[in-house]
Amino acid sequence: MAIWQRFRNTLFPQTTSRAAAEEEARFHIAMRTEELLAQGLSPEDAAAQARRAFGNVLAYQEAAGDRDVFVWLEHWLLDLRVAWRRLRRSPLFLVTSVFLLAVGLGANAAVFSIVDQLFLQPLPLPNPERLFVIQETFKGERANSNPERIADWARRVPAIESAMGYYGEMVPLETKDGKRGISTYRVAGDYLGVLGLQLLEGRKFSPDELRGEPLAMLTPKGKALGRVGDSLSLGGVSYRIVGVLAPNRMLGPEVELVTPAARDVLAAPRIAGFLPVVVRLRSSLDPNVLAAQVDAAARQMAEAFPATDKERGAYVLPAQSAWTEEAADSARMLQAATLLLLVITLLNLASLLAARTAARERESAIRSFLGASRGSILRLHFAEAGILVSLGCIAAFLVATWTLALLQEIFGSDFPPVREVSLDLRAMAALLLVGLAACLLLTFVMSWQSASSQRTQRRSRPLLRGALVVGEAALGVLLISAAFSLASAFAERQSRPLGFVPQNILIARIDLPWSASQATLVSAMDRALEEIAALPGVSRVGVTDRVPLTGGTQSGEVLIQGAAKAPGGLAPRGLAPRGEVGFRMASASFFSTLQIPLLQGDTLGQPGAVVVNETFARRYLGSQAIGRYVARKGEAPRWWRVVGVVGSVRADVGEAEARPEIYLPYREFTWPKLEFVIATSQPAANLAPVLRRLSGRLSPDALLNEVLPYESDLASLNRQPRQQRDLVLSFGFVALVLVVAGVYALIRAELERRTREIGVRLAIGAQPFAVAALLLRQAGGLALAVLLLSLPLALFALPELLSPRASVAAGLLVAFSMAMAALPAAWRASRIAPTQALRVE
Amino acid sequence: MQKSPKNDSLQGALTLLVLKSLAAGPLHGYAISSHIQRISEEILRVEEGSLYPALHRMEQDGFISSDWGLTETNRRARFYKLTASGRKRLKEEMEQYQRIQHGIRLVLGTA
């Protein structure tokens, strides 16, 4: 019989072979009986002799059936059937185990997919090992570059094959239905060449065209915008489409267009810093060569351009690590949390199985007695673990899909590449591998438990289970401590005073092009402030370049007026280090709209007048702030007179406290990304169409990006840390529930094991509470072991990750929960009737 | 009644006997056993415990094939028949048997 037929017969048992054998045997016996009857035997004797002569019909049937199947496979299937029947008889155990595996494996598969695709696998570009980022520095701090310096790197570093920089911009596209913002990469240098991106059709930009020609390449996302040769009206300028890029994860999910950077951006002064530098190393060159040449070129540039480059430096980073480093910490934390969860779930499962095996010792003993070998009992255990893990893997796949979607939701806005991650084959293989390892571990636990109990010929003390529960609970303490640390950090962050009132405020973000002149910007802002203030339902309106808490403002070094001789009679007394002082463009109405209190002096209004925040005044000006002069450090610093001090607000939601800030008048210090704060009772939806029309009147290339309540903007800023906290808190909660369940089951089993002993104790006069204390003491011992194991680890080995208060709280919570989990069993023990207990067994 | 020889003494020749019995046409198991017994004048008696496993083995080896049919008394029975490879095998077994028989006769001096 063909192998496949035997497989088929094994998997889908055919009765034909055995039935046919039986029929053949019956026919033979009948014929023989007739023959014997004819010889004169009585019917009974004839039938009996014929049957005897034929022998064992059943054995013959079996032998006939065996020929058509793979016996070993049949045994396995039989084991699986028996194991499945056994599992079905304990639905709670089955559901719990599958749930544990699904949570443990699923969460890990999702996190592994992210870590694998973003951090472990090379970038999806040709020869990704040749891609590097040149990280420029200014006075030792990270800084960005500009087109001129990028061209310099390409010229001065022979190891560089090509270099480029790029920035993202929302560009207004004019369509029949009005304006729409198009997410665009503006590139300086050979963007395609450096990344090695392929074109589906058309051509790339020539070096000449890269000097600011209005040309565009469509990304796969932007394909609907037109075809090669078509024109697009972007911010009042007609751009010709020259090519269509092939799909690539590196393009990002939102970007629709790639165009050369505008001419005036390319002509930015050498001191400007707004572009990252990405380079492709010449083939077969060592990255160390690049690093050494970049170092040498930085020194040459510092000598050639002392005014701008003297304090600049640069170092080289592999592109992959440069692009993922901001997310690396979150990824590591998530991976650690999910791994902990996996270990906890596996320990819990092992402990559940150990309990189950202990409870089934009787059955195993009967099987052994009936002749089952150690091997066949092991096979049965293996089948049981195999079924659990298989079901667990299927459920884990669902959990993984769901977890991945959740993680993409949480981290997608801050780290867009995470949105491109999918559950891949490697992640599934990893999941299966862990599942397989789990299967082996569980089988080991079960057979070890069986073997040890058979050896000792009595119900063994569940030491293994105790150790598993302690291990699980100790890991639970670490996980819960991490969750508490995150939660308390988040709560602390939420409790920080805002310094302004975001209620009933709408933010309208209007972008003008980087190339817009100061005069254009000032007139646009004046007109907008006037027209918005006149809208019905609007009580106040102000403008700034970045509203508080939503992220970095501009920053730099500041010169502060002193007493000694100086240009124009003023001299720097102190120099605020770069990065510490923020500059914010504002109108006077900005403060009143957000109700930022004016603490001293006057608000913005007079030419040359600035307002500083309280932190700045306290740190740099002391009690005499009003009337002092400050300047941004530069080649020809302009001195501004401090006319007022306002309350401090934080620039970034993550900052612990407000940094020193200077508010500069919007008419003299402009920025093309405008944020209007509007105090109004109107909902955003009502104002949006009006503001869109208004932005169209301001300038053809002005684009209303969004109108939204300030509070919802703040909520979205807090979303990621909140969801991250919730995720880890839910992991911690699952861990706590598992620990409680583990302790409960352990103490219950202990009660069953010692029922007889407890009966004896009660019979000879022990008090019920003393009996309950027996079990509680045991739970207490376990809790103590958990604290002794976990707290030193949390407090001394992981102090940066886990706050001591959170660790102690987590330890106490787990210990308390363990004691609580033992209460039901202790209560039952104290209520046992001695006569009943002594009848046990 | 002559005592039937033990199974195992027939074991080596069983394949040959079955193949030869089927050479005349399809037979069911019982008929094969009866045929051998009758033709050998009750000297040879095939035990059922050996016959059926042998039949199945030979079927698996492709020497014989089987089909269900009706006997003359209208009973359902499995009929075995020779395949082409079975005929070839019968020929080989016959030659082999005759060689051995010739050899034994030579040794016994009865040739």
# chains A, B, ... in the order shown; residues from 1 in each chain; ligands from 1
call {"tool": "interface_residues", "arguments": {"of": "chain A", "to": "chain B", "cutoff": "12 Å", "atoms": "only C-alpha atoms", "output": "ChimeraX atom specification"}}
result
/A:1-2,17,20-35,50-68
call {"tool": "write_last_selection", "arguments": {"atoms": "C-alpha atoms", "output": "PDB file, in the first residue's frame"}}
result
ATOM      1  CA  MET A   1       0.000   0.000   0.000  1.00  0.00           C
ATOM      2  CA  ALA A   2       1.276   3.428  -0.921  1.00  0.00           C
ATOM      3  CA  SER A  17      -9.255  -3.617   6.525  1.00  0.00           C
ATOM      4  CA  ALA A  20     -12.847  -7.267   5.890  1.00  0.00           C
ATOM      5  CA  ALA A  21     -10.515  -9.399   7.988  1.00  0.00           C
ATOM      6  CA  GLU A  22     -13.331 -10.130  10.384  1.00  0.00           C
ATOM      7  CA  GLU A  23     -15.697 -11.085   7.566  1.00  0.00           C
ATOM      8  CA  GLU A  24     -13.071 -13.288   5.990  1.00  0.00           C
ATOM      9  CA  ALA A  25     -12.473 -15.043   9.325  1.00  0.00           C
ATOM     10  CA  ARG A  26     -16.192 -15.570   9.885  1.00  0.00           C
ATOM     11  CA  PHE A  27     -16.568 -17.000   6.401  1.00  0.00           C
ATOM     12  CA  HIS A  28     -13.709 -19.379   7.007  1.00  0.00           C
ATOM     13  CA  ILE A  29     -15.082 -20.506  10.368  1.00  0.00           C
ATOM     14  CA  ALA A  30     -18.547 -20.999   8.870  1.00  0.00           C
ATOM     15  CA  MET A  31     -17.191 -23.137   6.018  1.00  0.00           C
ATOM     16  CA  ARG A  32     -15.132 -25.205   8.407  1.00  0.00           C
ATOM     17  CA  THR A  33     -18.115 -25.633  10.728  1.00  0.00           C
ATOM     18  CA  GLU A  34     -20.194 -26.942   7.835  1.00  0.00           C
ATOM     19  CA  GLU A  35     -17.440 -29.355   6.944  1.00  0.00           C
ATOM     20  CA  ALA A  50     -13.788 -24.404  13.848  1.00  0.00           C
ATOM     21  CA  ARG A  51     -13.272 -21.364  16.055  1.00  0.00           C
ATOM     22  CA  ARG A  52     -10.446 -23.031  17.917  1.00  0.00           C
ATOM     23  CA  ALA A  53      -8.759 -24.014  14.694  1.00  0.00           C
ATOM     24  CA  PHE A  54      -8.893 -20.483  13.370  1.00  0.00           C
ATOM     25  CA  GLY A  55      -7.428 -18.989  16.512  1.00  0.00           C
ATOM     26  CA  ASN A  56      -7.759 -15.411  17.763  1.00  0.00           C
ATOM     27  CA  VAL A  57      -9.962 -13.514  15.274  1.00  0.00           C
ATOM     28  CA  LEU A  58      -9.301 -10.211  17.026  1.00  0.00           C
ATOM     29  CA  ALA A  59      -5.543 -10.597  16.747  1.00  0.00           C
ATOM     30  CA  TYR A  60      -5.965 -11.446  13.093  1.00  0.00           C
ATOM     31  CA  GLN A  61      -8.101  -8.347  12.613  1.00  0.00           C
ATOM     32  CA  GLU A  62      -5.536  -6.182  14.382  1.00  0.00           C
ATOM     33  CA  ALA A  63      -2.726  -7.587  12.306  1.00  0.00           C
ATOM     34  CA  ALA A  64      -4.719  -6.994   9.131  1.00  0.00           C
ATOM     35  CA  GLY A  65      -5.488  -3.421  10.207  1.00  0.00           C
ATOM     36  CA  ASP A  66      -1.900  -2.672  11.187  1.00  0.00           C
ATOM     37  CA  ARG A  67      -0.684  -3.420   7.700  1.00  0.00           C
ATOM     38  CA  ASP A  68      -2.627  -0.458   6.351  1.00  0.00           C
TER      39      ASP A  68
END
call {"tool": "residues_around", "arguments": {"residues": "segment 528-544 of chain A", "least_positions_apart": "2", "cutoff": "7 Å", "atoms": "only C-alpha atoms", "output": "JSON, numbers by chain"}}
result
{"A": [524, 525, 526, 546, 547, 584, 585, 586, 587, 589, 590, 593, 674, 675, 676, 677, 678, 679, 680, 681, 682]}
call {"tool": "write_last_selection", "arguments": {"atoms": "N, CA and C atoms", "output": "compact mmCIF listing (two decimals), in the first residue's frame"}}
result
# COMPACT_ATOMS: atom_id res chain seq x y z
N ALA A 524 0.70 88.92 7.38
CA ALA A 524 -0.25 87.80 7.51
C ALA A 524 -0.72 87.67 8.95
N MET A 525 0.21 87.81 9.89
CA MET A 525 -0.17 87.64 11.31
C MET A 525 -1.07 88.78 11.77
N ASP A 526 -0.73 90.02 11.36
CA ASP A 526 -1.55 91.18 11.74
C ASP A 526 -2.98 90.98 11.25
N ARG A 546 4.99 78.36 18.87
CA ARG A 546 4.72 77.03 19.41
C ARG A 546 4.03 77.18 20.75
N VAL A 547 2.81 76.68 20.87
CA VAL A 547 2.09 76.83 22.14
C VAL A 547 2.77 75.99 23.22
N ARG A 584 10.61 82.35 22.17
CA ARG A 584 9.29 82.12 21.63
C ARG A 584 8.78 83.43 21.03
N MET A 585 8.27 83.30 19.81
CA MET A 585 7.65 84.46 19.18
C MET A 585 6.24 84.59 19.79
N ALA A 586 5.81 85.82 20.11
CA ALA A 586 4.47 85.96 20.70
C ALA A 586 3.90 87.35 20.44
N SER A 587 2.59 87.39 20.51
CA SER A 587 1.92 88.70 20.50
C SER A 587 1.53 88.98 21.95
N SER A 589 -1.25 89.64 23.10
CA SER A 589 -2.51 88.98 23.42
C SER A 589 -2.32 87.48 23.72
N PHE A 590 -1.17 86.94 23.35
CA PHE A 590 -0.90 85.52 23.63
C PHE A 590 -1.03 85.24 25.13
N THR A 593 -4.68 85.68 26.40
CA THR A 593 -5.56 84.61 25.92
C THR A 593 -5.36 83.34 26.74
N LEU A 674 2.83 79.22 12.19
CA LEU A 674 2.08 80.06 13.14
C LEU A 674 1.09 79.23 13.93
N GLU A 675 1.01 79.54 15.21
CA GLU A 675 0.00 78.89 16.03
C GLU A 675 -0.82 79.98 16.71
N PHE A 676 -2.10 80.01 16.35
CA PHE A 676 -2.99 81.01 16.95
C PHE A 676 -3.72 80.37 18.12
N VAL A 677 -3.75 81.09 19.24
CA VAL A 677 -4.55 80.62 20.38
C VAL A 677 -5.80 81.49 20.42
N ILE A 678 -6.96 80.84 20.42
CA ILE A 678 -8.22 81.57 20.28
C ILE A 678 -9.12 81.24 21.46
N ALA A 679 -9.44 82.27 22.26
CA ALA A 679 -10.38 82.04 23.38
C ALA A 679 -11.78 82.18 22.82
N THR A 680 -12.52 81.11 22.83
CA THR A 680 -13.84 81.15 22.21
C THR A 680 -14.74 80.08 22.81
N SER A 681 -16.02 80.35 22.70
CA SER A 681 -16.98 79.33 23.14
C SER A 681 -17.39 78.46 21.96
N GLN A 682 -16.92 78.80 20.75
CA GLN A 682 -17.29 78.06 19.54
C GLN A 682 -16.55 76.72 19.48
call {"tool": "atom_distance", "arguments": {"atom1": "atom CA of Ala487 of chain A", "atom2": "atom CA of Arg725 of chain A"}}
result
5.8 Å
call {"tool": "residues_around", "arguments": {"residues": "Ala385 of chain A", "least_positions_apart": "4", "cutoff": "8 Å", "atoms": "only C-alpha atoms", "output": "PyMOL selection string"}}
result
chain A and resi 381+389+439-440+442-443
call {"tool": "write_last_selection", "arguments": {"atoms": "C-alpha atoms", "output": "PDB file, in the first residue's frame"}}
result
ATOM      1  CA  HIS A 381       2.132  13.984  28.990  1.00  0.00           C
ATOM      2  CA  VAL A 389       0.708  24.657  23.338  1.00  0.00           C
ATOM      3  CA  CYS A 439       5.920  22.180  25.611  1.00  0.00           C
ATOM      4  CA  LEU A 440       9.196  20.500  26.587  1.00  0.00           C
ATOM      5  CA  LEU A 442       5.780  21.409  30.750  1.00  0.00           C
ATOM      6  CA  THR A 443       6.335  17.763  29.846  1.00  0.00           C
TER       7      THR A 443
END
call {"tool": "atom_distance", "arguments": {"atom1": "atom CA of Gly202 of chain A", "atom2": "atom CA of Pro247 of chain A"}}
result
14.6 Å
call {"tool": "atom_distance", "arguments": {"atom1": "atom CA of Ser97 of chain A", "atom2": "atom CA of Gly392 of chain A"}}
result
7.6 Å
call {"tool": "select_by_dssp", "arguments": {"residues": "chain B", "states": "helix (DSSP H, G or I)", "output": "NGL selection string"}}
result
:B and (7-23 or 29-39 or 48-60 or 84-108)
call {"tool": "residues_around", "arguments": {"residues": "segment 367-378 of chain A", "least_positions_apart": "3", "cutoff": "12 Å", "atoms": "only C-alpha atoms", "output": "PyMOL selection string"}}
result
chain A and resi 72+75-76+78-80+82-83+357+360-364+381-386+440+442-451+454
call {"tool": "write_last_selection", "arguments": {"atoms": "C-alpha atoms", "output": "PDB file, in the first residue's frame"}}
result
ATOM      1  CA  TRP A  72       3.562   4.636  15.615  1.00  0.00           C
ATOM      2  CA  HIS A  75      -0.293   5.477  18.842  1.00  0.00           C
ATOM      3  CA  TRP A  76       0.440   9.180  18.825  1.00  0.00           C
ATOM      4  CA  LEU A  78      -4.486   7.736  20.228  1.00  0.00           C
ATOM      5  CA  ASP A  79      -2.431   9.551  22.857  1.00  0.00           C
ATOM      6  CA  LEU A  80      -3.656  12.855  21.500  1.00  0.00           C
ATOM      7  CA  VAL A  82      -6.798  10.449  25.242  1.00  0.00           C
ATOM      8  CA  ALA A  83      -5.003  13.673  26.187  1.00  0.00           C
ATOM      9  CA  THR A 357      -0.214  15.819  37.706  1.00  0.00           C
ATOM     10  CA  ARG A 360      -3.787  12.506  38.779  1.00  0.00           C
ATOM     11  CA  GLU A 361      -1.193  10.363  40.473  1.00  0.00           C
ATOM     12  CA  ARG A 362      -3.815   7.716  41.051  1.00  0.00           C
ATOM     13  CA  GLU A 363      -4.591   7.504  37.371  1.00  0.00           C
ATOM     14  CA  SER A 364      -0.906   7.331  36.466  1.00  0.00           C
ATOM     15  CA  HIS A 381       2.132  13.984  28.990  1.00  0.00           C
ATOM     16  CA  PHE A 382       3.800  15.184  25.856  1.00  0.00           C
ATOM     17  CA  ALA A 383       0.528  14.911  23.948  1.00  0.00           C
ATOM     18  CA  GLU A 384      -1.255  16.910  26.621  1.00  0.00           C
ATOM     19  CA  ALA A 385       1.388  19.635  26.626  1.00  0.00           C
ATOM     20  CA  GLY A 386       1.381  19.563  22.813  1.00  0.00           C
ATOM     21  CA  LEU A 440       9.196  20.500  26.587  1.00  0.00           C
ATOM     22  CA  LEU A 442       5.780  21.409  30.750  1.00  0.00           C
ATOM     23  CA  THR A 443       6.335  17.763  29.846  1.00  0.00           C
ATOM     24  CA  PHE A 444       9.435  17.800  31.977  1.00  0.00           C
ATOM     25  CA  VAL A 445       7.499  19.243  34.917  1.00  0.00           C
ATOM     26  CA  MET A 446       4.773  16.642  34.590  1.00  0.00           C
ATOM     27  CA  SER A 447       7.030  13.649  34.225  1.00  0.00           C
ATOM     28  CA  TRP A 448       9.353  14.849  36.950  1.00  0.00           C
ATOM     29  CA  GLN A 449       6.425  15.215  39.265  1.00  0.00           C
ATOM     30  CA  SER A 450       5.104  11.754  38.310  1.00  0.00           C
ATOM     31  CA  ALA A 451       8.485  10.115  38.611  1.00  0.00           C
ATOM     32  CA  GLN A 454       6.255   7.164  42.166  1.00  0.00           C
TER      33      GLN A 454
END
